[in-house]
>>> print(open('protein.pdb').read())   # PDB, N, CA and C atoms
ATOM      1  N   MET A   1       8.751 -13.476  -8.739
ATOM      2  CA  MET A   1       7.989 -12.773  -7.725
ATOM      3  C   MET A   1       8.296 -11.284  -7.840
ATOM      4  N   ALA A   2       7.277 -10.453  -7.791
ATOM      5  CA  ALA A   2       7.458  -9.017  -7.900
ATOM      6  C   ALA A   2       8.172  -8.484  -6.662
ATOM      7  N   SER A   3       8.906  -7.413  -6.861
ATOM      8  CA  SER A   3       9.657  -6.873  -5.725
ATOM      9  C   SER A   3       8.729  -6.377  -4.623
ATOM     10  N   GLY A   4       7.525  -5.904  -4.983
ATOM     11  CA  GLY A   4       6.568  -5.468  -3.971
ATOM     12  C   GLY A   4       6.156  -6.597  -3.051
ATOM     13  N   ALA A   5       5.928  -7.782  -3.623
ATOM     14  CA  ALA A   5       5.564  -8.942  -2.811
ATOM     15  C   ALA A   5       6.712  -9.327  -1.899
ATOM     16  N   ARG A   6       7.922  -9.246  -2.429
ATOM     17  CA  ARG A   6       9.092  -9.571  -1.618
ATOM     18  C   ARG A   6       9.207  -8.595  -0.454
ATOM     19  N   ASP A   7       8.968  -7.318  -0.715
ATOM     20  CA  ASP A   7       9.081  -6.314   0.341
ATOM     21  C   ASP A   7       8.050  -6.539   1.434
ATOM     22  N   ARG A   8       6.838  -6.938   1.048
ATOM     23  CA  ARG A   8       5.795  -7.158   2.053
ATOM     24  C   ARG A   8       6.119  -8.356   2.929
ATOM     25  N   ARG A   9       6.846  -9.310   2.396
ATOM     26  CA  ARG A   9       7.135 -10.522   3.160
ATOM     27  C   ARG A   9       8.394 -10.398   4.003
ATOM     28  N   ARG A  10       9.130  -9.343   3.825
ATOM     29  CA  ARG A  10      10.345  -9.172   4.604
ATOM     30  C   ARG A  10       9.967  -8.837   6.038
ATOM     31  N   ILE A  11      10.519  -9.556   6.973
ATOM     32  CA  ILE A  11      10.238  -9.328   8.391
ATOM     33  C   ILE A  11      11.176  -8.245   8.895
ATOM     34  N   HIS A  12      10.586  -7.238   9.521
ATOM     35  CA  HIS A  12      11.389  -6.153  10.073
ATOM     36  C   HIS A  12      11.900  -6.567  11.449
ATOM     37  N   VAL A  13      13.193  -6.550  11.598
ATOM     38  CA  VAL A  13      13.804  -6.860  12.895
ATOM     39  C   VAL A  13      14.340  -5.555  13.450
ATOM     40  N   PRO A  14      13.788  -5.101  14.566
ATOM     41  CA  PRO A  14      14.270  -3.841  15.143
ATOM     42  C   PRO A  14      15.762  -3.930  15.476
ATOM     43  N   ASP A  15      16.464  -2.822  15.246
ATOM     44  CA  ASP A  15      17.895  -2.843  15.562
ATOM     45  C   ASP A  15      18.120  -2.793  17.066
ATOM     46  N   GLN A  16      19.353  -2.939  17.471
ATOM     47  CA  GLN A  16      19.672  -3.011  18.898
ATOM     48  C   GLN A  16      19.402  -1.697  19.626
ATOM     49  N   HIS A  17      19.264  -0.613  18.867
ATOM     50  CA  HIS A  17      19.047   0.690  19.491
ATOM     51  C   HIS A  17      17.563   0.960  19.742
ATOM     52  N   SER A  18      16.694   0.112  19.214
ATOM     53  CA  SER A  18      15.262   0.275  19.450
ATOM     54  C   SER A  18      14.947  -0.163  20.872
ATOM     55  N   GLY A  19      14.005   0.499  21.447
ATOM     56  CA  GLY A  19      13.602   0.130  22.797
ATOM     57  C   GLY A  19      12.629  -1.028  22.782
ATOM     58  N   PRO A  20      12.339  -1.559  23.954
ATOM     59  CA  PRO A  20      11.384  -2.668  24.064
ATOM     60  C   PRO A  20      10.004  -2.301  23.514
ATOM     61  N   ALA A  21       9.584  -1.061  23.685
ATOM     62  CA  ALA A  21       8.266  -0.651  23.184
ATOM     63  C   ALA A  21       8.244  -0.713  21.655
ATOM     64  N   ALA A  22       9.296  -0.227  21.010
ATOM     65  CA  ALA A  22       9.362  -0.271  19.547
ATOM     66  C   ALA A  22       9.401  -1.711  19.050
ATOM     67  N   ALA A  23      10.141  -2.542  19.739
ATOM     68  CA  ALA A  23      10.211  -3.953  19.355
ATOM     69  C   ALA A  23       8.847  -4.608  19.517
ATOM     70  N   SER A  24       8.141  -4.289  20.587
ATOM     71  CA  SER A  24       6.812  -4.855  20.816
ATOM     72  C   SER A  24       5.827  -4.426  19.734
ATOM     73  N   VAL A  25       5.872  -3.161  19.371
ATOM     74  CA  VAL A  25       4.986  -2.654  18.315
ATOM     75  C   VAL A  25       5.306  -3.340  16.996
ATOM     76  N   SER A  26       6.582  -3.477  16.694
ATOM     77  CA  SER A  26       6.996  -4.125  15.458
ATOM     78  C   SER A  26       6.539  -5.581  15.412
ATOM     79  N   LEU A  27       6.715  -6.286  16.508
ATOM     80  CA  LEU A  27       6.306  -7.683  16.564
ATOM     81  C   LEU A  27       4.785  -7.833  16.495
ATOM     82  N   ALA A  28       4.059  -6.925  17.127
ATOM     83  CA  ALA A  28       2.597  -6.971  17.070
ATOM     84  C   ALA A  28       2.104  -6.722  15.646
ATOM     85  N   ALA A  29       2.736  -5.784  14.968
ATOM     86  CA  ALA A  29       2.363  -5.506  13.576
ATOM     87  C   ALA A  29       2.652  -6.713  12.694
ATOM     88  N   GLU A  30       3.798  -7.319  12.883
ATOM     89  CA  GLU A  30       4.158  -8.509  12.107
ATOM     90  C   GLU A  30       3.188  -9.653  12.394
ATOM     91  N   ALA A  31       2.800  -9.826  13.644
ATOM     92  CA  ALA A  31       1.842 -10.873  14.005
ATOM     93  C   ALA A  31       0.498 -10.626  13.327
ATOM     94  N   ALA A  32       0.063  -9.378  13.279
ATOM     95  CA  ALA A  32      -1.211  -9.047  12.627
ATOM     96  C   ALA A  32      -1.147  -9.368  11.142
ATOM     97  N   LEU A  33      -0.033  -9.051  10.497
ATOM     98  CA  LEU A  33       0.128  -9.373   9.075
ATOM     99  C   LEU A  33       0.118 -10.874   8.849
ATOM    100  N   LEU A  34       0.801 -11.602   9.698
ATOM    101  CA  LEU A  34       0.849 -13.057   9.557
ATOM    102  C   LEU A  34      -0.527 -13.681   9.782
ATOM    103  N   GLU A  35      -1.279 -13.162  10.740
ATOM    104  CA  GLU A  35      -2.625 -13.679  10.990
ATOM    105  C   GLU A  35      -3.538 -13.412   9.799
ATOM    106  N   ALA A  36      -3.415 -12.228   9.194
ATOM    107  CA  ALA A  36      -4.222 -11.906   8.017
ATOM    108  C   ALA A  36      -3.860 -12.832   6.860
ATOM    109  N   ARG A  37      -2.579 -13.069   6.670
ATOM    110  CA  ARG A  37      -2.132 -13.974   5.603
ATOM    111  C   ARG A  37      -2.630 -15.397   5.860
ATOM    112  N   LEU A  38      -2.595 -15.814   7.107
ATOM    113  CA  LEU A  38      -3.094 -17.141   7.473
ATOM    114  C   LEU A  38      -4.572 -17.274   7.133
ATOM    115  N   ARG A  39      -5.368 -16.233   7.440
ATOM    116  CA  ARG A  39      -6.799 -16.270   7.115
ATOM    117  C   ARG A  39      -7.007 -16.397   5.606
ATOM    118  N   LEU A  40      -6.231 -15.647   4.818
ATOM    119  CA  LEU A  40      -6.343 -15.734   3.361
ATOM    120  C   LEU A  40      -5.998 -17.134   2.859
ATOM    121  N   LEU A  41      -4.947 -17.705   3.406
ATOM    122  CA  LEU A  41      -4.547 -19.048   2.992
ATOM    123  C   LEU A  41      -5.593 -20.086   3.392
ATOM    124  N   GLN A  42      -6.179 -19.943   4.583
ATOM    125  CA  GLN A  42      -7.218 -20.875   5.018
ATOM    126  C   GLN A  42      -8.441 -20.782   4.110
ATOM    127  N   GLU A  43      -8.800 -19.557   3.702
ATOM    128  CA  GLU A  43      -9.925 -19.386   2.780
ATOM    129  C   GLU A  43      -9.616 -20.024   1.431
ATOM    130  N   ALA A  44      -8.393 -19.866   0.950
ATOM    131  CA  ALA A  44      -8.001 -20.466  -0.324
ATOM    132  C   ALA A  44      -8.050 -21.991  -0.235
ATOM    133  N   ILE A  45      -7.594 -22.540   0.865
ATOM    134  CA  ILE A  45      -7.636 -23.994   1.064
ATOM    135  C   ILE A  45      -9.090 -24.473   1.101
ATOM    136  N   ASP A  46      -9.954 -23.742   1.784
ATOM    137  CA  ASP A  46     -11.368 -24.111   1.837
ATOM    138  C   ASP A  46     -11.987 -24.105   0.437
ATOM    139  N   THR A  47     -11.617 -23.133  -0.378
ATOM    140  CA  THR A  47     -12.118 -23.053  -1.756
ATOM    141  C   THR A  47     -11.655 -24.258  -2.566
ATOM    142  N   VAL A  48     -10.395 -24.603  -2.446
ATOM    143  CA  VAL A  48      -9.863 -25.765  -3.166
ATOM    144  C   VAL A  48     -10.548 -27.041  -2.683
ATOM    145  N   ASP A  49     -10.713 -27.173  -1.381
ATOM    146  CA  ASP A  49     -11.409 -28.352  -0.834
ATOM    147  C   ASP A  49     -12.817 -28.474  -1.412
ATOM    148  N   ALA A  50     -13.536 -27.355  -1.495
ATOM    149  CA  ALA A  50     -14.899 -27.376  -2.033
ATOM    150  C   ALA A  50     -14.892 -27.772  -3.510
ATOM    151  N   ARG A  51     -13.916 -27.267  -4.257
ATOM    152  CA  ARG A  51     -13.826 -27.628  -5.683
ATOM    153  C   ARG A  51     -13.496 -29.105  -5.847
ATOM    154  N   ILE A  52     -12.621 -29.631  -5.021
ATOM    155  CA  ILE A  52     -12.282 -31.062  -5.081
ATOM    156  C   ILE A  52     -13.510 -31.895  -4.750
ATOM    157  N   GLU A  53     -14.241 -31.501  -3.722
ATOM    158  CA  GLU A  53     -15.453 -32.218  -3.323
ATOM    159  C   GLU A  53     -16.475 -32.222  -4.454
ATOM    160  N   ALA A  54     -16.688 -31.061  -5.087
ATOM    161  CA  ALA A  54     -17.651 -30.968  -6.186
ATOM    162  C   ALA A  54     -17.223 -31.850  -7.359
ATOM    163  N   MET A  55     -15.945 -31.835  -7.682
ATOM    164  CA  MET A  55     -15.449 -32.650  -8.792
ATOM    165  C   MET A  55     -15.571 -34.139  -8.454
ATOM    166  N   SER A  56     -15.275 -34.515  -7.235
ATOM    167  CA  SER A  56     -15.409 -35.911  -6.820
ATOM    168  C   SER A  56     -16.858 -36.366  -6.928
ATOM    169  N   ASP A  57     -17.793 -35.520  -6.481
ATOM    170  CA  ASP A  57     -19.212 -35.853  -6.582
ATOM    171  C   ASP A  57     -19.622 -36.023  -8.049
ATOM    172  N   ALA A  58     -19.159 -35.119  -8.910
ATOM    173  CA  ALA A  58     -19.495 -35.202 -10.332
ATOM    174  C   ALA A  58     -18.939 -36.484 -10.943
ATOM    175  N   LEU A  59     -17.718 -36.833 -10.590
ATOM    176  CA  LEU A  59     -17.119 -38.059 -11.132
ATOM    177  C   LEU A  59     -17.844 -39.302 -10.630
ATOM    178  N   ARG A  60     -18.221 -39.310  -9.349
ATOM    179  CA  ARG A  60     -18.971 -40.447  -8.809
ATOM    180  C   ARG A  60     -20.314 -40.591  -9.518
ATOM    181  N   ALA A  61     -20.988 -39.467  -9.732
ATOM    182  CA  ALA A  61     -22.276 -39.503 -10.417
ATOM    183  C   ALA A  61     -22.119 -39.997 -11.850
ATOM    184  N   LYS A  62     -21.079 -39.559 -12.503
ATOM    185  CA  LYS A  62     -20.826 -39.977 -13.894
ATOM    186  C   LYS A  62     -20.530 -41.468 -13.961
ATOM    187  N   ARG A  63     -19.761 -41.979 -13.001
ATOM    188  CA  ARG A  63     -19.419 -43.389 -12.967
ATOM    189  C   ARG A  63     -20.639 -44.278 -12.729
ATOM    190  N   SER A  64     -21.592 -43.769 -11.963
ATOM    191  CA  SER A  64     -22.768 -44.584 -11.625
ATOM    192  C   SER A  64     -23.815 -44.572 -12.733
ATOM    193  N   MET A  65     -23.661 -43.696 -13.724
ATOM    194  CA  MET A  65     -24.610 -43.642 -14.849
ATOM    195  C   MET A  65     -24.306 -44.779 -15.829
ATOM    196  N   PRO A  66     -25.384 -45.383 -16.373
ATOM    197  CA  PRO A  66     -25.131 -46.418 -17.390
ATOM    198  C   PRO A  66     -24.592 -45.782 -18.671
ATOM    199  N   CYS A  67     -23.749 -46.496 -19.363
ATOM    200  CA  CYS A  67     -23.134 -45.979 -20.596
ATOM    201  C   CYS A  67     -24.091 -45.920 -21.697
TER     202      CYS A  67
END
>>> encode(input="protein.pdb", output="structure tokens")
Amino acid sequence: MASGARDRRRIHVPDQHSGPAAASVSLAAEAALLEARLRLLQEAIDTVDARIEAMSDALRAKRSMPC
């Protein structure tokens, strides 16, 4: 894994000297990143599901054809 990818996935935990507002902003930003990543993963899963469905249909059609 590239170091850039690792850096993007690191969760920032505000230190004890940060105020509640800074912690809230940090957590909101992290939540937004996680939601965006979730959307990307859901789209990828939908793509894989569609490819599996298409392949299953093709195999069923091939099986039903006479040799």
>>> atom_distance(input="protein.pdb", atom1="atom CA of A:Thr47", atom2="atom C of A:Glu30")
24.8 Å
>>> atom_distance(input="protein.pdb", atom1="atom N of A:Ser26", atom2="atom C of A:Leu41")
24.5 Å
>>> atom_distance(input="protein.pdb", atom1="atom CA of A:Ala23", atom2="atom N of A:Glu35")
17.1 Å
>>> decode(input="protein.pdb", residues="stretch 18-55 of chain A", atoms="N, CA and C atoms", output="PDB file, in the first residue's frame")
ATOM      1  N   SER A  18      -7.004  20.237  22.560  1.00  0.00           N
ATOM      2  CA  SER A  18      -7.981  20.761  21.609  1.00  0.00           C
ATOM      3  C   SER A  18      -9.301  20.975  22.332  1.00  0.00           C
ATOM      4  N   GLY A  19      -9.989  21.982  21.918  1.00  0.00           N
ATOM      5  CA  GLY A  19     -11.287  22.249  22.521  1.00  0.00           C
ATOM      6  C   GLY A  19     -12.368  21.395  21.897  1.00  0.00           C
ATOM      7  N   PRO A  20     -13.547  21.425  22.488  1.00  0.00           N
ATOM      8  CA  PRO A  20     -14.678  20.658  21.954  1.00  0.00           C
ATOM      9  C   PRO A  20     -15.017  21.054  20.514  1.00  0.00           C
ATOM     10  N   ALA A  21     -14.870  22.321  20.174  1.00  0.00           N
ATOM     11  CA  ALA A  21     -15.184  22.761  18.809  1.00  0.00           C
ATOM     12  C   ALA A  21     -14.213  22.122  17.815  1.00  0.00           C
ATOM     13  N   ALA A  22     -12.929  22.100  18.146  1.00  0.00           N
ATOM     14  CA  ALA A  22     -11.938  21.485  17.258  1.00  0.00           C
ATOM     15  C   ALA A  22     -12.190  19.988  17.121  1.00  0.00           C
ATOM     16  N   ALA A  23     -12.536  19.357  18.215  1.00  0.00           N
ATOM     17  CA  ALA A  23     -12.831  17.924  18.171  1.00  0.00           C
ATOM     18  C   ALA A  23     -14.061  17.669  17.311  1.00  0.00           C
ATOM     19  N   SER A  24     -15.073  18.508  17.431  1.00  0.00           N
ATOM     20  CA  SER A  24     -16.288  18.352  16.631  1.00  0.00           C
ATOM     21  C   SER A  24     -16.003  18.519  15.143  1.00  0.00           C
ATOM     22  N   VAL A  25     -15.204  19.510  14.809  1.00  0.00           N
ATOM     23  CA  VAL A  25     -14.842  19.738  13.403  1.00  0.00           C
ATOM     24  C   VAL A  25     -14.059  18.549  12.870  1.00  0.00           C
ATOM     25  N   SER A  26     -13.124  18.054  13.657  1.00  0.00           N
ATOM     26  CA  SER A  26     -12.321  16.911  13.244  1.00  0.00           C
ATOM     27  C   SER A  26     -13.186  15.673  13.024  1.00  0.00           C
ATOM     28  N   LEU A  27     -14.098  15.425  13.938  1.00  0.00           N
ATOM     29  CA  LEU A  27     -14.977  14.269  13.813  1.00  0.00           C
ATOM     30  C   LEU A  27     -15.939  14.412  12.632  1.00  0.00           C
ATOM     31  N   ALA A  28     -16.426  15.618  12.391  1.00  0.00           N
ATOM     32  CA  ALA A  28     -17.316  15.847  11.251  1.00  0.00           C
ATOM     33  C   ALA A  28     -16.574  15.622   9.935  1.00  0.00           C
ATOM     34  N   ALA A  29     -15.340  16.079   9.878  1.00  0.00           N
ATOM     35  CA  ALA A  29     -14.533  15.869   8.669  1.00  0.00           C
ATOM     36  C   ALA A  29     -14.278  14.384   8.450  1.00  0.00           C
ATOM     37  N   GLU A  30     -13.946  13.682   9.504  1.00  0.00           N
ATOM     38  CA  GLU A  30     -13.710  12.239   9.405  1.00  0.00           C
ATOM     39  C   GLU A  30     -14.982  11.512   8.976  1.00  0.00           C
ATOM     40  N   ALA A  31     -16.122  11.915   9.505  1.00  0.00           N
ATOM     41  CA  ALA A  31     -17.396  11.302   9.123  1.00  0.00           C
ATOM     42  C   ALA A  31     -17.679  11.533   7.642  1.00  0.00           C
ATOM     43  N   ALA A  32     -17.392  12.726   7.148  1.00  0.00           N
ATOM     44  CA  ALA A  32     -17.613  13.028   5.728  1.00  0.00           C
ATOM     45  C   ALA A  32     -16.726  12.154   4.855  1.00  0.00           C
ATOM     46  N   LEU A  33     -15.474  11.969   5.250  1.00  0.00           N
ATOM     47  CA  LEU A  33     -14.568  11.100   4.491  1.00  0.00           C
ATOM     48  C   LEU A  33     -15.056   9.662   4.498  1.00  0.00           C
ATOM     49  N   LEU A  34     -15.500   9.196   5.640  1.00  0.00           N
ATOM     50  CA  LEU A  34     -15.988   7.821   5.741  1.00  0.00           C
ATOM     51  C   LEU A  34     -17.254   7.620   4.910  1.00  0.00           C
ATOM     52  N   GLU A  35     -18.137   8.607   4.900  1.00  0.00           N
ATOM     53  CA  GLU A  35     -19.354   8.506   4.096  1.00  0.00           C
ATOM     54  C   GLU A  35     -19.022   8.471   2.609  1.00  0.00           C
ATOM     55  N   ALA A  36     -18.048   9.281   2.187  1.00  0.00           N
ATOM     56  CA  ALA A  36     -17.634   9.280   0.783  1.00  0.00           C
ATOM     57  C   ALA A  36     -17.033   7.928   0.412  1.00  0.00           C
ATOM     58  N   ARG A  37     -16.211   7.385   1.286  1.00  0.00           N
ATOM     59  CA  ARG A  37     -15.608   6.069   1.035  1.00  0.00           C
ATOM     60  C   ARG A  37     -16.685   4.986   0.974  1.00  0.00           C
ATOM     61  N   LEU A  38     -17.664   5.083   1.848  1.00  0.00           N
ATOM     62  CA  LEU A  38     -18.774   4.128   1.847  1.00  0.00           C
ATOM     63  C   LEU A  38     -19.523   4.172   0.522  1.00  0.00           C
ATOM     64  N   ARG A  39     -19.783   5.387   0.005  1.00  0.00           N
ATOM     65  CA  ARG A  39     -20.472   5.514  -1.285  1.00  0.00           C
ATOM     66  C   ARG A  39     -19.656   4.862  -2.400  1.00  0.00           C
ATOM     67  N   LEU A  40     -18.337   5.079  -2.399  1.00  0.00           N
ATOM     68  CA  LEU A  40     -17.479   4.463  -3.412  1.00  0.00           C
ATOM     69  C   LEU A  40     -17.521   2.939  -3.324  1.00  0.00           C
ATOM     70  N   LEU A  41     -17.471   2.424  -2.115  1.00  0.00           N
ATOM     71  CA  LEU A  41     -17.513   0.975  -1.934  1.00  0.00           C
ATOM     72  C   LEU A  41     -18.863   0.403  -2.359  1.00  0.00           C
ATOM     73  N   GLN A  42     -19.955   1.107  -2.052  1.00  0.00           N
ATOM     74  CA  GLN A  42     -21.279   0.642  -2.460  1.00  0.00           C
ATOM     75  C   GLN A  42     -21.399   0.621  -3.981  1.00  0.00           C
ATOM     76  N   GLU A  43     -20.837   1.639  -4.647  1.00  0.00           N
ATOM     77  CA  GLU A  43     -20.854   1.664  -6.112  1.00  0.00           C
ATOM     78  C   GLU A  43     -20.038   0.508  -6.677  1.00  0.00           C
ATOM     79  N   ALA A  44     -18.894   0.221  -6.077  1.00  0.00           N
ATOM     80  CA  ALA A  44     -18.059  -0.888  -6.536  1.00  0.00           C
ATOM     81  C   ALA A  44     -18.790  -2.219  -6.353  1.00  0.00           C
ATOM     82  N   ILE A  45     -19.465  -2.381  -5.240  1.00  0.00           N
ATOM     83  CA  ILE A  45     -20.233  -3.606  -4.989  1.00  0.00           C
ATOM     84  C   ILE A  45     -21.362  -3.733  -6.016  1.00  0.00           C
ATOM     85  N   ASP A  46     -22.044  -2.639  -6.310  1.00  0.00           N
ATOM     86  CA  ASP A  46     -23.112  -2.668  -7.307  1.00  0.00           C
ATOM     87  C   ASP A  46     -22.568  -3.078  -8.679  1.00  0.00           C
ATOM     88  N   THR A  47     -21.390  -2.590  -9.026  1.00  0.00           N
ATOM     89  CA  THR A  47     -20.756  -2.948 -10.302  1.00  0.00           C
ATOM     90  C   THR A  47     -20.439  -4.438 -10.343  1.00  0.00           C
ATOM     91  N   VAL A  48     -19.880  -4.954  -9.274  1.00  0.00           N
ATOM     92  CA  VAL A  48     -19.561  -6.384  -9.210  1.00  0.00           C
ATOM     93  C   VAL A  48     -20.844  -7.211  -9.283  1.00  0.00           C
ATOM     94  N   ASP A  49     -21.863  -6.797  -8.556  1.00  0.00           N
ATOM     95  CA  ASP A  49     -23.152  -7.509  -8.606  1.00  0.00           C
ATOM     96  C   ASP A  49     -23.695  -7.561 -10.031  1.00  0.00           C
ATOM     97  N   ALA A  50     -23.617  -6.441 -10.749  1.00  0.00           N
ATOM     98  CA  ALA A  50     -24.116  -6.394 -12.127  1.00  0.00           C
ATOM     99  C   ALA A  50     -23.300  -7.320 -13.029  1.00  0.00           C
ATOM    100  N   ARG A  51     -21.988  -7.348 -12.825  1.00  0.00           N
ATOM    101  CA  ARG A  51     -21.140  -8.239 -13.635  1.00  0.00           C
ATOM    102  C   ARG A  51     -21.448  -9.699 -13.333  1.00  0.00           C
ATOM    103  N   ILE A  52     -21.673 -10.031 -12.082  1.00  0.00           N
ATOM    104  CA  ILE A  52     -22.023 -11.411 -11.711  1.00  0.00           C
ATOM    105  C   ILE A  52     -23.355 -11.789 -12.340  1.00  0.00           C
ATOM    106  N   GLU A  53     -24.323 -10.893 -12.275  1.00  0.00           N
ATOM    107  CA  GLU A  53     -25.641 -11.142 -12.860  1.00  0.00           C
ATOM    108  C   GLU A  53     -25.530 -11.377 -14.361  1.00  0.00           C
ATOM    109  N   ALA A  54     -24.755 -10.532 -15.054  1.00  0.00           N
ATOM    110  CA  ALA A  54     -24.586 -10.678 -16.502  1.00  0.00           C
ATOM    111  C   ALA A  54     -23.915 -12.010 -16.838  1.00  0.00           C
ATOM    112  N   MET A  55     -22.902 -12.376 -16.078  1.00  0.00           N
ATOM    113  CA  MET A  55     -22.202 -13.637 -16.330  1.00  0.00           C
ATOM    114  C   MET A  55     -23.127 -14.824 -16.047  1.00  0.00           C
TER     115      MET A  55
END
